[in-house]
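Chemist: Dropping a structure here in structure tokens format, bear with me for questions.
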Amino acid sequence: MASKEIYQPGTEVFYVNPTTGWAIGSIKEVGAKNVKVEHNGEVFTVAPDDIHKHMEGTYDEKFADLFQMGDLHQSTLLYCLKNRYEKTGMMFTRMGEIIISINPFCMKDYNKPEMMLPHTEGKWAHPHTWEVAHKAYKKIIVMDGNNQSILISGESGAGKTETAKTLIDYLGCMSYSHSCNGVQKAVAESVNKKLKASNPILESFGNAKTLRNDNSSRFGKYIKLFFDKESGVLTGAEMIHYLLEKSRIVTQNPGERGYHVFYEMLCGMSPEQKAKYGGLTKPQDYACLSKGNQFIREGHGRVTDDAVEFKNLCQAFKDTGITDDEQHSIFSVLAAILWLQNLKFETDDSTGKAKIVQHDLVEKVAKLLKVDATKFKECMLVKTRTKIMTQMADKNEACDMRDALSKALYSGLFDWLVDRLNKAIKLDERSSGDLRYVGLLDIFGFENFKINSFEQFCINFTNESLQNHYNKYTFIQDAQECEAEGIACPIVEYPDNQPCLDMLQKDKTGVMSILDDQCNFRLGTDSSFTEAAWNAYGDHKFFVKPRSTVPDRFSIKHYAATVEYKTAQWLEKNSDTLKEDMQACIAASSEKFIGSLIAPPGDSTKKKPTVGWKFKKQLESLKEELNSTDSHFIRTVKPNPQMKAGVVDNAYVMTQLTCAGVIETIMMKRQGYPVRQPHKEFWLRYRIIAPKKLKNKYPHGKQPSPADLPDACREIAKFWVWVMNSPSPNFDIGHSKVFTKSGVSEGLELQRHRKVKSLLPKCIPYLLRWIKSFLKKKKELEERRKKAQQGIQAATTRSANDVRQQSAGLQDGDKAKTFTDLARLFPHFDLPVIFGVVQNARDKKIAMDFLLDMQKQRVREALPLTVQSLFEEAKLSEATQEALIQQRVTSRQALFSLSPADMSRMGFTVEERDSLQAVLLRQQSNWIVNQRLNLLMGNDGRSDAELKRDMDALELAAAEVKKDLEGHLAGKYGTTLKSSTRPSVVRKGSSSRGSSSSSSEVKWCVVCGKRDQPMEYRSSGWKCVSCKGKPASTQVAAYYASKGYTQPGAPSSSPAAPETNRTYTKAPAGSYGAKLPAGSYQQSTPSTTRSSAPPAPSPGGGGGGVDPAAVRRLGDMGFPESKARQALQRTGGDSRKACELLLQGAI
């Protein structure tokens, strides 16, 4: 009831308008029992319970989550959704983990397919149904969770089918966009393509225009999408369908149509095609299509062209592998149903039984079905046949048998199509056995028409059952969890529909069981069933017995509304039996496809399962499936019954929200404990803000015992609740979890964020130093690259004619041929460069060696270290690496986007392609592991942008540790250690006391050929100090000295050892190597083998190889020195990994 302070004239309030629902008005007059409210000049008398005070800012359309609203009420909830939809054009709103989607009746930019790929990274500026699919996918792939299910609910026309289609597209896009394996990516694309192609088929055969929806699904489906657990790639799918509405095949309500496929076929076929199927004409000429007197499919302000849809259907048949012969059989069955429904019967005056009027139609149908015409005609007129007698059917019975055959043929055809589509999207044989799936439930919405029959009863029974699942999942399970944890949970009243469900489905006594009993009783009728239901549930609170004494109807109080059902023909629809002689006739068809649509007659002594019994079992199986998965919910809402875009009908929408349990969900979550964390997770996350007394009791790294953990969590929560002065109840400690109010949780996160933020400045100096060093090196490399480009441009300014003239001027004909061959082998090199090499080389082998070394150096300079390691691991040739560089494939992201076709175009061999795909697949698995680790660590209260910035900085810092060391050595000794296989710097005159062979080694300058000079090792070989700055052209002439070849002007004895024969020995104390960090390596005498030098530790390292600077950095972050040293030893000196171990409490 509204409080007294709002009962003042002039106060602005929400009130329930008798025609429009909740509206905004002002108090006009306050009476004893009623309140008069003025709105737009009109005065309305309203009950106090239908008034709520209006407060500005409590339902802002900017609220993307309804939990953010300060005033939770039906009126504020409605106006928040209304303003978001009408003012901002946003159709999606969060309600905690649930998404509310209001049908826009038009395409929104943020729903277009091209918007899917950017969202696969998990960044959501606004709520979206794709967000639900994203969470479900991450739970099974990244978090290694249970199978997932997404339940899409809402009334007819709310947009359930379209939502399901976009979710399938998004999951497929997310799957193959993250795949780096060409084979798996091709499988995912194929499955996703066939899933898309199945939509036109299912919509044509399973959807129809109704009064509420121009494309209403007349069946339900549950689609399971299977993903490989390791790679996250879509490998297959499976579809289960429920309760096709068979009555629509033979009749429709006024203003409605039959199934789309009949109209599409008649409008889209050419005259030649129609002639193949008995000379088909237009839809108006067929009795089963004209009863609704609606032949145009229109909705949302547009008309759908059935001829265009027929072309789409035929293309979908091809995309899903349905052959031309199978298509011909499908259209033959559809045409037979159309002609069969035009068959009329009259009463024979002499016998009073039925007789056929149009014998030509019987012949036409028999020809289309490939059955014996005489036997088929007998089946249409004979009611029962025994050994003793044959009973003929009257006119009404003959019509019923005709309709039963039409329904059976169409139902069998639909079952065949679903089975055929399942074969097209089945699991790939190459997929692994460890799979997870995401299930999408798209099932018919709640229906309440002027005339409701057996079909509406089954549809509403399904929705009642799904609502019960939602109630249990959202409300009952919440209360049961609190009870199991031993805490008090606020009691919130919710619409428990379990008694209604029991009344409908209970064995032996439920309404469905009563109907089955009457069907199995030979004398059972629709009236006897109705009377039995009256007698069993006349006093039930969810059953309404009519005032009339005629037993032809009853009403059920469903969760959404009270629906009156007329029970005429319920027994016939539930039995759905086809005569045995008719079954045998169709099964004997000369065309195998048609004969398989209807099962042959079985044992007549056994009871045949009814439609209701089979549907009930299907529903039970579905509920078991849903109960075994983690459920996600999308509540679709139809904004107005006229299906107009941009308009919300307040009363219409409020009814849907109330029936869906949205109001109760919000109230319970806000009144209860919306945040629930396991004890250990709570402790690890908030121990950083624990009170000082608790920190002293459990110093960093020490964990409370399982028995003490609840008390430790209680101390943290109790302290901060006292600091925040939060009203009670505010938190509670269960047997295994910590339960907190949303306000308390937000306060804890804020305090944690402040604490972490205060610790970050201690890390900033180190980060700045690393970043500064990185920027300096990047600038130097950029200058070197520009200088090299200028040299190349200068070399290429010479024309091709000059090159040919010089080539022709070569005295040795072999060198001219060598030049031609090398130009073909090294297409990425400039011709002048190749010419200079050939001119100075003695033979082809020497020239090729030099060009190969140049190619290796170019690859090393053009690629990041991470990409170089990928290429080395994949064992790619230099030519292949050069081709990748030319195509700007120089990053991991670019490598992940390569397809097998791209690799073939770049000249990959089969071995190289398979090797690179295997390496990239392992990288993908590592990425998933890192995602899991980051998810477990949490984001420390930072926003996504801040978290990304900080993580990028830490990644940069970790990658630059070695570069920092190299920069230190380069400044002190004049070299750079780019890899462990590079020799250390050895200057002329340095003594290696522990390695006599190193001291006796002769160094040759690759430029001038001199020796006995101060030397430095460069990329092309050893250079003396006086020659290291000379241009590259002189390096070509003198390079061979470093390779062991004699050059003009250089001594021929004691050449430098080839690089492939270098090995490394430890520098002893006191030698020149003592100037290097202890334990570093230098070049020794040649040997026949090559071993990699271990990476040098950071300067000043000691104590088991642990860098003291890294220990100090971790100490500044609050970690004990002993723990920091232990973590660094365990991670091989990797500061970031050591920090992760310490944060997780693993040390």
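By order in the structure tokens, chains are A, B, ...; within a chain, residues start at 1; ligands start at 1, following the order shown.
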Write out as a ChimeraX atom specification all residues of region 161-396 of chain A that backbone DSSP assigns to strand (DSSP E or B).
Modeler: /A:207-208,216-217,220-228,234-242,259,297-299,302-304,345-347,354-356,382-385,390-392
Chemist: Go through region 605-810 of chain A and collect every residue that DSSP, computed from the backbone, puts in alpha helix (DSSP H); the answer should be as a ChimeraX atom specification.
Modeler: /A:611-627,650-659,662-671,679-686,692-697,709-724,742-796,800-808
Chemist: Skip region 363-365 of chain A itself and residues of its chain fewer than 3 positions away, then list as number ranges by chain all residues within 8 Å of it, counting only C-alpha atoms.
Modeler: A: 278, 336-337, 339-340, 359-360, 368-369, 373
Chemist: Write to file, as a PDB file, in the first residue's frame, the residues of the selection just made, with C-alpha atoms.
Modeler:
ATOM      1  CA  GLY A 278      -0.682 -32.797 -61.307  1.00  0.00           C
ATOM      2  CA  ALA A 336      -0.506 -35.049 -52.940  1.00  0.00           C
ATOM      3  CA  ILE A 337      -1.647 -33.402 -49.681  1.00  0.00           C
ATOM      4  CA  TRP A 339      -4.989 -32.554 -54.022  1.00  0.00           C
ATOM      5  CA  LEU A 340      -6.088 -34.944 -51.266  1.00  0.00           C
ATOM      6  CA  HIS A 359     -12.403 -40.035 -59.013  1.00  0.00           C
ATOM      7  CA  ASP A 360      -9.754 -38.214 -61.065  1.00  0.00           C
ATOM      8  CA  LEU A 368       1.919 -38.834 -56.874  1.00  0.00           C
ATOM      9  CA  LEU A 369       2.282 -41.230 -53.938  1.00  0.00           C
ATOM     10  CA  ALA A 373      -5.118 -46.542 -57.113  1.00  0.00           C
TER      11      ALA A 373
END
Chemist: Which polymer residues have any atom within 8 Å of an atom of region 842-852 of chain A, counting only C-alpha atoms, with same-chain residues fewer than 3 positions away left out, as a list in words?
Modeler: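 Result of the neighbour search: Lys815, Thr818, Leu822, Ile834, Val837, Val838, Gln855, Lys856 and Glu878 of chain A.
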Chemist: Excluding Gly21 (chain A) and its own-chain neighbours fewer than 2 positions away, which residues fall within 12 Å of it when counting only C-alpha atoms? Please give them as a PyMOL selection string.
Modeler: chain A and resi 14-19+23-24+46+50-51+74-75+78-79+648-655
Chemist: Give me a file of those residues, with C-alpha atoms, as an mmCIF file, in the first residue's frame.
Modeler:
data_model
loop_
_atom_site.group_PDB
_atom_site.id
_atom_site.type_symbol
_atom_site.label_atom_id
_atom_site.label_comp_id
_atom_site.auth_asym_id
_atom_site.auth_seq_id
_atom_site.Cartn_x
_atom_site.Cartn_y
_atom_site.Cartn_z
ATOM 1 C CA PHE A 14 2.596 6.415 -10.891
ATOM 2 C CA TYR A 15 -0.927 5.024 -11.106
ATOM 3 C CA VAL A 16 -2.702 2.182 -12.898
ATOM 4 C CA ASN A 17 -4.729 3.594 -15.763
ATOM 5 C CA PRO A 18 -7.696 1.307 -16.534
ATOM 6 C CA THR A 19 -6.892 1.320 -20.270
ATOM 7 C CA ALA A 23 1.012 5.951 -16.178
ATOM 8 C CA ILE A 24 2.267 9.171 -14.555
ATOM 9 C CA VAL A 46 -7.613 4.613 -8.204
ATOM 10 C CA ASP A 50 -2.337 0.984 -7.460
ATOM 11 C CA ILE A 51 -0.326 4.120 -6.659
ATOM 12 C CA GLN A 74 6.681 -2.517 -11.283
ATOM 13 C CA SER A 75 6.179 1.035 -12.474
ATOM 14 C CA LEU A 78 8.327 -0.667 -16.851
ATOM 15 C CA TYR A 79 9.347 2.943 -17.497
ATOM 16 C CA VAL A 648 5.519 0.151 -25.914
ATOM 17 C CA ASP A 649 2.008 -0.745 -24.767
ATOM 18 C CA ASN A 650 2.348 -0.400 -20.984
ATOM 19 C CA ALA A 651 -0.407 -2.802 -19.951
ATOM 20 C CA TYR A 652 0.526 -5.383 -22.588
ATOM 21 C CA VAL A 653 4.221 -5.398 -21.605
ATOM 22 C CA MET A 654 3.529 -5.332 -17.872
ATOM 23 C CA THR A 655 1.438 -8.482 -18.148
#
